[in-house]
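Student: What follows is run-v2.txt, compact mmCIF, C-alpha atoms.
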# COMPACT_ATOMS: atom_id res chain seq x y z
CA MET A 1 41.68 -32.78 0.36
CA SER A 2 40.20 -33.84 -2.94
CA THR A 3 42.74 -35.02 -5.43
CA GLY A 4 40.39 -35.16 -8.39
CA THR A 5 41.56 -31.93 -9.92
CA ASN A 6 45.15 -32.78 -9.19
CA GLU A 7 44.77 -36.15 -10.87
CA SER A 8 43.30 -34.65 -13.99
CA GLY A 9 46.01 -32.01 -13.90
CA PHE A 10 48.61 -34.73 -13.74
CA ARG A 11 47.01 -36.65 -16.62
CA GLU A 12 47.04 -33.54 -18.76
CA GLU A 13 50.62 -32.73 -17.90
CA ALA A 14 51.83 -36.30 -18.34
CA LEU A 15 50.16 -36.73 -21.73
CA ASP A 16 51.78 -33.51 -22.87
CA LEU A 17 55.15 -34.69 -21.59
CA LEU A 18 54.72 -38.03 -23.34
CA SER A 19 54.15 -36.24 -26.64
CA LYS A 20 57.38 -34.34 -26.11
CA LEU A 21 59.10 -37.55 -25.09
CA GLU A 22 58.28 -39.13 -28.43
CA SER A 23 59.80 -36.17 -30.29
CA TYR A 24 62.92 -36.19 -28.13
CA LEU A 25 63.36 -39.94 -28.58
CA LEU A 26 63.13 -39.67 -32.36
CA GLU A 27 65.69 -36.85 -32.29
CA LEU A 28 67.89 -38.81 -29.94
CA GLU A 29 67.90 -41.74 -32.30
CA LYS A 30 69.52 -39.49 -34.89
CA ALA A 31 71.93 -37.98 -32.39
CA PRO A 32 72.53 -40.69 -29.77
CA SER A 33 75.28 -38.78 -27.99
CA ASN A 34 73.34 -35.55 -27.61
CA ARG A 35 73.58 -34.85 -23.89
CA GLU A 36 70.85 -32.26 -23.92
CA LEU A 37 68.37 -34.71 -25.47
CA ILE A 38 69.37 -37.43 -23.02
CA ASP A 39 68.77 -34.99 -20.15
CA GLN A 40 65.41 -33.98 -21.59
CA VAL A 41 64.29 -37.59 -21.87
CA PHE A 42 65.49 -38.33 -18.35
CA ARG A 43 63.79 -35.26 -16.94
CA ILE A 44 60.46 -36.14 -18.52
CA LEU A 45 60.62 -39.67 -17.14
CA HIS A 46 61.61 -38.32 -13.75
CA THR A 47 58.78 -35.78 -13.70
CA ILE A 48 56.18 -38.37 -14.66
CA LYS A 49 57.50 -40.69 -11.99
CA GLY A 50 57.72 -38.05 -9.27
CA SER A 51 54.41 -36.35 -9.94
CA GLY A 52 52.70 -39.65 -10.68
CA SER A 53 53.65 -40.90 -7.25
CA MET A 54 52.01 -37.86 -5.69
CA PHE A 55 48.71 -38.49 -7.39
CA GLY A 56 48.44 -42.24 -6.90
CA PHE A 57 49.57 -43.50 -10.31
CA ASP A 58 51.57 -46.31 -8.75
CA ASP A 59 51.59 -48.56 -11.81
CA VAL A 60 52.90 -45.75 -13.96
CA VAL A 61 55.53 -44.95 -11.35
CA ALA A 62 56.70 -48.57 -11.17
CA PHE A 63 56.95 -48.88 -14.95
CA VAL A 64 58.59 -45.51 -15.56
CA HIS A 65 61.07 -46.15 -12.76
CA GLU A 66 62.57 -49.02 -14.76
CA ILE A 67 62.93 -46.85 -17.86
CA GLU A 68 64.32 -43.96 -15.87
CA THR A 69 66.95 -46.23 -14.32
CA VAL A 70 68.27 -47.09 -17.77
CA TYR A 71 68.38 -43.44 -18.81
CA GLU A 72 70.17 -42.58 -15.60
CA LEU A 73 72.83 -45.12 -16.61
CA ILE A 74 72.96 -43.51 -20.04
CA ARG A 75 73.56 -40.15 -18.40
CA SER A 76 76.44 -41.60 -16.44
CA GLY A 77 77.92 -43.13 -19.59
CA ARG A 78 77.36 -46.76 -18.64
CA ILE A 79 74.85 -47.50 -21.37
CA SER A 80 74.86 -46.26 -24.94
CA VAL A 81 71.81 -45.11 -26.84
CA THR A 82 70.91 -47.53 -29.64
CA SER A 83 68.02 -47.77 -32.06
CA ASP A 84 66.88 -50.83 -30.19
CA LEU A 85 66.70 -48.90 -26.94
CA ILE A 86 64.83 -46.05 -28.61
CA ASN A 87 62.31 -48.49 -30.06
CA ARG A 88 61.70 -50.09 -26.70
CA THR A 89 61.36 -46.72 -25.03
CA LEU A 90 58.83 -45.67 -27.67
CA GLN A 91 56.90 -48.87 -27.04
CA ALA A 92 57.03 -48.16 -23.31
CA ARG A 93 55.95 -44.59 -23.88
CA ASP A 94 52.87 -45.79 -25.77
CA GLN A 95 51.94 -48.08 -22.90
CA VAL A 96 52.50 -45.39 -20.25
CA ARG A 97 50.18 -43.19 -22.25
CA LEU A 98 47.53 -45.91 -22.20
CA LEU A 99 48.00 -46.37 -18.45
CA ILE A 100 47.47 -42.66 -17.87
CA SER A 101 44.79 -41.94 -20.44
CA GLN A 102 41.19 -42.19 -19.40
CA ASP A 103 39.92 -42.16 -22.95
CA THR A 104 37.50 -45.07 -23.04
CA GLN A 105 37.82 -45.27 -26.81
CA SER A 106 41.53 -45.91 -26.74
CA ASP A 107 43.12 -49.30 -26.22
CA SER A 108 43.75 -50.82 -22.87
CA PRO A 109 47.35 -51.13 -21.76
CA ASN A 110 48.98 -54.32 -23.00
CA LEU A 111 50.01 -55.88 -19.71
CA SER A 112 51.97 -58.64 -21.38
CA LEU A 113 54.03 -56.14 -23.33
CA ILE A 114 54.49 -53.96 -20.25
CA GLY A 115 55.75 -56.93 -18.28
CA HIS A 116 58.13 -57.81 -21.07
CA LEU A 117 59.43 -54.25 -21.32
CA ILE A 118 59.94 -54.05 -17.56
CA THR A 119 62.07 -57.15 -17.72
CA GLU A 120 64.01 -55.80 -20.68
CA PHE A 121 64.78 -52.50 -18.97
CA GLN A 122 65.75 -54.31 -15.78
CA THR A 123 68.09 -56.53 -17.79
CA MET A 124 69.70 -53.54 -19.47
CA ALA A 125 70.25 -51.89 -16.11
CA SER A 126 71.64 -54.99 -14.45
CA ARG A 127 74.00 -55.65 -17.36
CA ALA A 128 75.34 -52.14 -17.08
CA SER A 129 75.72 -52.52 -13.34
CA THR A 130 77.60 -55.81 -13.55
CA PRO A 131 81.34 -55.16 -13.48
CA ALA A 132 82.19 -58.46 -15.17
CA SER A 133 80.10 -57.66 -18.18
CA PRO A 134 82.36 -56.74 -21.10
CA THR A 135 80.97 -53.97 -23.26
CA PRO A 136 77.64 -52.73 -21.94
CA ARG A 137 74.99 -53.32 -24.53
CA VAL A 138 71.46 -52.19 -24.68
CA GLY A 139 68.49 -54.35 -25.35
CA ASN A 140 68.38 -57.64 -27.12
CA ASP A 141 69.59 -57.56 -30.67
CA LYS A 142 67.80 -60.76 -31.48
CA GLN A 143 64.56 -58.92 -31.07
CA ALA A 144 65.71 -55.65 -32.49
CA SER A 145 62.84 -53.92 -34.18
CA SER A 146 64.87 -51.13 -35.63
CA THR A 147 64.35 -51.78 -39.29
CA PRO A 148 63.95 -48.63 -41.31
CA SER A 149 60.36 -49.51 -42.12
CA SER A 150 59.42 -49.89 -38.48
CA LYS A 151 60.97 -46.53 -37.69
CA LYS A 152 59.09 -44.81 -40.45
CA GLN A 153 55.97 -46.46 -39.26
CA LYS A 154 56.55 -45.16 -35.75
CA LYS A 155 56.88 -41.64 -36.97
CA THR A 156 53.83 -41.63 -39.14
CA LYS A 157 51.19 -43.70 -37.49
CA LYS A 158 49.31 -42.63 -34.44
CA ALA A 159 51.12 -43.81 -31.38
CA ASP A 160 48.13 -45.32 -29.74
CA SER A 161 46.52 -46.99 -32.69
CA PRO A 162 45.22 -50.48 -32.02
CA GLU A 163 48.18 -52.01 -33.85
CA ASP A 164 50.52 -50.71 -31.23
CA SER A 165 49.25 -52.65 -28.34
CA ASN A 166 48.90 -56.24 -29.24
CA THR A 167 48.56 -57.44 -32.73
CA SER A 168 51.30 -58.51 -35.09
CA LYS A 169 51.38 -57.58 -38.75
CA SER A 170 53.80 -58.46 -41.45
CA ASN A 171 55.46 -55.06 -41.59
CA GLU A 172 55.70 -54.69 -37.86
CA PRO A 173 58.43 -55.78 -35.52
CA PRO A 174 58.15 -59.35 -34.34
CA PRO A 175 56.07 -59.80 -31.24
CA PRO A 176 57.96 -60.01 -28.01
CA PRO A 177 58.71 -63.46 -26.71
CA PRO A 178 56.70 -64.74 -23.79
CA PRO A 179 57.70 -62.52 -20.92
CA PRO A 180 59.59 -63.98 -18.03
CA PRO A 181 57.44 -64.67 -15.01
CA GLY A 182 58.83 -61.77 -13.04
CA GLY A 183 57.71 -59.10 -15.47
CA VAL A 184 54.10 -59.86 -16.27
CA GLY A 185 53.35 -61.56 -13.00
CA ALA A 186 54.76 -58.71 -11.02
CA PHE A 187 53.04 -56.00 -12.94
CA THR A 188 49.74 -57.80 -13.02
CA ALA A 189 50.02 -58.34 -9.31
CA ARG A 190 50.61 -54.65 -8.92
CA LEU A 191 47.53 -53.85 -10.91
CA THR A 192 45.50 -55.98 -8.59
CA GLY A 193 46.80 -54.11 -5.66
CA ILE A 194 49.46 -56.49 -4.45
CA VAL A 195 52.66 -54.81 -3.46
CA TRP A 196 55.59 -56.48 -5.20
CA GLY A 197 58.51 -54.37 -4.39
CA VAL A 198 59.92 -51.93 -1.95
CA LEU A 199 59.72 -49.25 -4.59
CA LEU A 200 55.99 -49.60 -4.78
CA ALA A 201 55.25 -49.02 -1.17
CA PRO A 202 54.24 -45.38 -1.27
CA VAL A 203 55.87 -44.47 1.97
CA ALA A 204 56.44 -40.81 2.51
CA VAL A 205 59.67 -39.95 4.22
CA MET A 206 60.38 -36.65 5.79
CA VAL A 207 63.79 -35.74 7.01
CA ILE A 208 64.96 -32.56 8.53
CA VAL A 209 68.60 -31.85 8.33
CA ALA A 210 69.89 -30.55 11.61
CA GLU A 211 70.21 -26.83 11.58
CA MET B 1 51.88 -10.66 8.34
CA THR B 2 51.38 -13.78 6.23
CA THR B 3 54.32 -16.07 5.75
CA HIS B 4 55.47 -16.18 2.14
CA ILE B 5 56.65 -19.43 0.55
CA LEU B 6 58.42 -19.69 -2.80
CA VAL B 7 57.89 -22.96 -4.66
CA ALA B 8 60.12 -24.04 -7.57
CA ASP B 9 59.00 -27.06 -9.56
CA ASP B 10 58.94 -27.75 -13.29
CA SER B 11 55.89 -30.00 -12.94
CA ALA B 12 52.67 -28.06 -13.41
CA SER B 13 50.63 -30.59 -11.44
CA MET B 14 53.09 -30.43 -8.54
CA ARG B 15 53.03 -26.64 -8.56
CA ALA B 16 49.24 -26.70 -8.51
CA MET B 17 49.13 -29.20 -5.67
CA LEU B 18 51.73 -27.39 -3.59
CA SER B 19 50.17 -24.00 -4.19
CA PHE B 20 46.70 -25.26 -3.29
CA THR B 21 47.92 -26.97 -0.15
CA LEU B 22 49.95 -24.01 1.08
CA LYS B 23 47.35 -21.35 0.29
CA ASN B 24 44.71 -23.47 2.01
CA ALA B 25 46.93 -23.50 5.08
CA GLY B 26 47.11 -19.72 5.04
CA TYR B 27 50.47 -19.09 3.43
CA ASP B 28 51.19 -16.66 0.62
CA VAL B 29 52.67 -18.57 -2.28
CA THR B 30 54.75 -17.68 -5.29
CA VAL B 31 55.51 -20.39 -7.83
CA ALA B 32 58.44 -20.65 -10.21
CA VAL B 33 58.78 -23.08 -13.11
CA ASP B 34 62.48 -23.68 -12.48
CA GLY B 35 65.43 -22.53 -10.44
CA SER B 36 66.20 -19.66 -12.75
CA GLU B 37 62.77 -18.12 -12.28
CA ALA B 38 62.95 -18.75 -8.53
CA ILE B 39 66.21 -16.78 -8.34
CA GLN B 40 64.52 -13.91 -10.15
CA LEU B 41 61.37 -14.01 -8.02
CA ALA B 42 63.00 -14.38 -4.60
CA PRO B 43 64.06 -10.73 -4.13
CA ARG B 44 60.56 -9.59 -5.04
CA CYS B 45 58.50 -11.96 -2.88
CA ARG B 46 61.01 -12.17 0.01
CA PRO B 47 60.08 -15.75 0.98
CA ALA B 48 60.36 -16.96 4.55
CA LEU B 49 60.78 -20.49 3.21
CA MET B 50 61.53 -22.11 -0.11
CA ILE B 51 60.45 -25.48 -1.50
CA THR B 52 62.29 -26.78 -4.52
CA ASP B 53 62.24 -29.79 -6.78
CA LEU B 54 65.65 -31.15 -7.70
CA ASN B 55 65.46 -32.02 -11.37
CA MET B 56 64.53 -28.90 -13.26
CA PRO B 57 65.68 -27.39 -16.55
CA GLN B 58 67.96 -24.35 -16.69
CA VAL B 59 68.87 -24.05 -13.03
CA ASP B 60 68.18 -27.20 -11.03
CA GLY B 61 67.35 -27.49 -7.34
CA ILE B 62 70.93 -27.91 -6.17
CA GLN B 63 72.08 -24.86 -8.10
CA LEU B 64 69.14 -22.91 -6.76
CA ILE B 65 70.02 -23.80 -3.17
CA ARG B 66 73.65 -22.80 -3.72
CA SER B 67 72.54 -19.53 -5.24
CA MET B 68 70.24 -18.78 -2.30
CA ARG B 69 72.90 -19.66 0.25
CA ALA B 70 75.34 -17.34 -1.51
CA ASN B 71 72.88 -14.47 -1.23
CA PRO B 72 73.02 -12.67 2.17
CA ASP B 73 69.27 -11.99 1.97
CA PHE B 74 68.39 -15.68 1.74
CA CYS B 75 71.32 -17.53 3.24
CA HIS B 76 69.38 -18.32 6.43
CA ILE B 77 65.87 -19.11 5.19
CA PRO B 78 64.75 -22.74 5.37
CA ILE B 79 64.90 -24.55 2.03
CA LEU B 80 63.13 -27.88 1.58
CA MET B 81 63.95 -30.18 -1.32
CA LEU B 82 61.46 -32.51 -2.97
CA THR B 83 63.12 -35.74 -4.03
CA THR B 84 62.34 -39.26 -5.11
CA GLU B 85 63.54 -42.36 -3.36
CA SER B 86 66.15 -42.99 -6.02
CA GLN B 87 68.06 -39.78 -5.47
CA GLU B 88 70.24 -40.60 -2.48
CA ASN B 89 73.31 -38.94 -3.93
CA ARG B 90 71.28 -35.90 -4.90
CA LYS B 91 70.01 -35.65 -1.33
CA ARG B 92 73.59 -35.53 -0.13
CA GLU B 93 74.39 -32.90 -2.73
CA GLY B 94 71.42 -30.88 -1.57
CA LYS B 95 72.44 -31.15 2.04
CA ASP B 96 75.98 -30.08 1.16
CA ALA B 97 74.57 -27.17 -0.83
CA GLY B 98 72.71 -25.99 2.26
CA ALA B 99 69.23 -27.50 2.14
CA THR B 100 67.40 -27.49 5.44
CA GLY B 101 65.63 -30.76 4.78
CA TRP B 102 63.84 -32.83 2.21
CA LEU B 103 60.60 -34.63 1.53
CA VAL B 104 60.51 -37.80 -0.45
CA LYS B 105 57.70 -38.17 -2.96
CA PRO B 106 55.06 -39.32 -2.49
CA PHE B 107 54.12 -37.34 0.58
CA ARG B 108 50.75 -36.25 1.87
CA PRO B 109 49.84 -32.57 2.01
CA GLU B 110 49.53 -32.79 5.79
CA GLN B 111 53.09 -34.08 6.02
CA LEU B 112 54.29 -31.13 4.01
CA LEU B 113 52.51 -28.73 6.34
CA THR B 114 53.92 -30.49 9.39
CA ILE B 115 57.49 -30.20 8.17
CA ILE B 116 56.97 -26.56 7.22
CA LYS B 117 55.75 -25.76 10.72
CA ARG B 118 58.77 -27.52 12.16
CA VAL B 119 61.33 -25.68 10.07
CA LEU B 120 59.62 -22.32 10.52
CA GLY B 121 59.57 -22.88 14.26
Starting from the file, give its structure as structure tokens.

Tutor:
Amino acid sequence: MSTGTNESGFREEALDLLSKLESYLLELEKAPSNRELIDQVFRILHTIKGSGSMFGFDDVVAFVHEIETVYELIRSGRISVTSDLINRTLQARDQVRLLISQDTQSDSPNLSLIGHLITEFQTMASRASTPASPTPRVGNDKQASSTPSSKKQKKTKKADSPEDSNTSKSNEPPPPPPPPPGGVGAFTARLTGIVWGVLLAPVAVMVIVAE
Amino acid sequence: MTTHILVADDSASMRAMLSFTLKNAGYDVTVAVDGSEAIQLAPRCRPALMITDLNMPQVDGIQLIRSMRANPDFCHIPILMLTTESQENRKREGKDAGATGWLVKPFRPEQLLTIIKRVLG
């Protein structure tokens, strides 16, 4: 069966969902305890991950899985929503959009940033999952990019403008530090077709519950 | 008489893929955008089998399964859940709610058809 139409259908749906995701994230930043918004964000991530896996968007699935894990922990009350988290999710959202988009005039995904974000989301999740950790915190405050100016900028400028992907300007958040080897290396390896995790092996499982 | 399958999924691309696959295999298909719509459509299309996603707005997959199992008209029809690998607890919930089985995404269309044939006997 040809999947061409399905792939383009997924792209269209995912890009629409990513637009909604941006709106929900900006609303969530103002109302960080809003359960409905948290559920909406989670559901969008989950849909992109689930449908993306069906249509062969393995890199998107791997990336979104890390974000979804954090939002699952938010849903269960183990992580709190902070401006820092929202900013990182918006950054991730922009990169997911670039991974999905086929627009040749738009930027390429910033693999370095994606690797860094993967590591950040993994760190958030592991901190929340570690019992010894005192108060679960989200993100890395040292790199917090939640200044009012950066937020305004996020809301007004086009999400996928060239500035978003790579370059650093004086009124923008500081660039991420060099990503740990796991993040970039792993994701780059994935892009070149090397399986780097159990998650990424697209193994279909069928189970029938005994009737 | 053609076997009728009701599909509930909030993802448009998944609905399109499932509908295409099932119709191509000769089934009649009705699609619902969430559990709430599936509950409304079920009495009209009288499905022989239901396929449902788990995470959906309004009424999710688990609630849909419970609702179907509580309805004498649909308490015995096979219901398949579509899940992701990270939803182990949701699978258990679905089984407890009365799901017949589940498929983990990603799956191939042929695998879906195989499992449907098995549950329909």

Student: Please determine, counting all atoms listed in the file, which residue among B:Pro72, B:Gly98, B:Gly35, B:Gly26 has the shortest atom-to-atom distance to Leu54 (chain B).

Tutor: B:Gly35

Student: State, in Å with one decimal place, the distance from CA of Arg92 (chain B) to CA of Leu6 (chain B).

Tutor: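 That distance, rounded to one decimal, is 22.1 Å.
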
Student: Could you check how far CA of Asp9 (chain B) sits from CA of Leu103 (chain B), in Å to one decimal?

Tutor: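 Going from CA of Asp9 (chain B) over to CA of Leu103 (chain B) covers 13.5 Å.
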
Student: Report as a ChimeraX atom specification the set of chain B residues whose atoms approach chain A to within 6 Å, with distances computed over only C-alpha atoms.

Tutor: /B:13,100-104,106-107

Student: List every protein, DNA or RNA residue with an atom no more than 9 Å from (52.4, -23.3, -8.6) in the file's coordinates, counting all atoms listed in the file, and format the result as a list in words.

Tutor: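 All residues meeting the 9 Å criterion around (52.4, -23.3, -8.6) are Val7, Ala8, Asp9, Ser11, Ala12, Ser13, Met14, Arg15, Ala16, Met17, Leu18, Ser19, Phe20, Val29, Thr30, Val31, Ala32 and Val33 of chain B.
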
Student: Kindly indicate which residue among A:Gly115, A:Gln122, A:Glu27, A:Asp59 lies nearest to Gln91 (chain A), using all atoms listed in the file for the distances.

Tutor: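 Looking only at the distances to Gln91 (chain A), the closest residue turns out to be A:Gly115.
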
Student: Quick one: distance from CA of Met124 (chain A) to CA of Ser76 (chain A) in Å, one decimal?

Tutor: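 So the two atoms, CA of Met124 (chain A) and CA of Ser76 (chain A), lie 14.0 Å apart.
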
Student: For Gln87 (chain B), which residue among B:Gln40, B:Asn55, B:Thr2, B:Gln111 is the nearest when counting only C-alpha atoms?

Tutor: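 Going through B:Gln40, B:Asn55, B:Thr2, B:Gln111 one by one, the smallest distance to Gln87 (chain B) is for B:Asn55.
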
Student: Around the point (68.7, -29.7, -20.2), in the coordinates given by the file, pick out the residues reaching within 12 Å, counting all atoms listed in the file, and return them as a compact mmCIF listing (two decimals) with C-alpha atoms, in the frame of the given file.

Tutor:
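Ended up saving to point-v8.txt:
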# COMPACT_ATOMS: atom_id res chain seq x y z
CA TYR A 24 62.92 -36.19 -28.13
CA ASN A 34 73.34 -35.55 -27.61
CA ARG A 35 73.58 -34.85 -23.89
CA GLU A 36 70.85 -32.26 -23.92
CA LEU A 37 68.37 -34.71 -25.47
CA ILE A 38 69.37 -37.43 -23.02
CA ASP A 39 68.77 -34.99 -20.15
CA GLN A 40 65.41 -33.98 -21.59
CA VAL A 41 64.29 -37.59 -21.87
CA PHE A 42 65.49 -38.33 -18.35
CA ARG A 43 63.79 -35.26 -16.94
CA ILE A 44 60.46 -36.14 -18.52
CA ARG A 75 73.56 -40.15 -18.40
CA ASP B 34 62.48 -23.68 -12.48
CA ASN B 55 65.46 -32.02 -11.37
CA MET B 56 64.53 -28.90 -13.26
CA PRO B 57 65.68 -27.39 -16.55
CA GLN B 58 67.96 -24.35 -16.69
CA VAL B 59 68.87 -24.05 -13.03
CA ASP B 60 68.18 -27.20 -11.03

Student: Write out as a compact mmCIF listing (two decimals) with C-alpha atoms, keeping the file's coordinate frame which residues come within 7 Å of Glu66 (chain A) when counting all atoms listed in the file, dropping same-chain ones fewer than 4 positions away.

Tutor:
# COMPACT_ATOMS: atom_id res chain seq x y z
CA ALA A 62 56.70 -48.57 -11.17
CA VAL A 70 68.27 -47.09 -17.77
CA ILE A 118 59.94 -54.05 -17.56
CA PHE A 121 64.78 -52.50 -18.97
CA GLN A 122 65.75 -54.31 -15.78

Student: Considering all atoms listed in the file, state which residue in the set A:Ile79, A:Ala92, A:Val60, A:Leu15 is at the smallest distance from Ala125 (chain A).

Tutor: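 Ranking A:Ile79, A:Ala92, A:Val60, A:Leu15 by distance to Ala125 (chain A), first place goes to A:Ile79.
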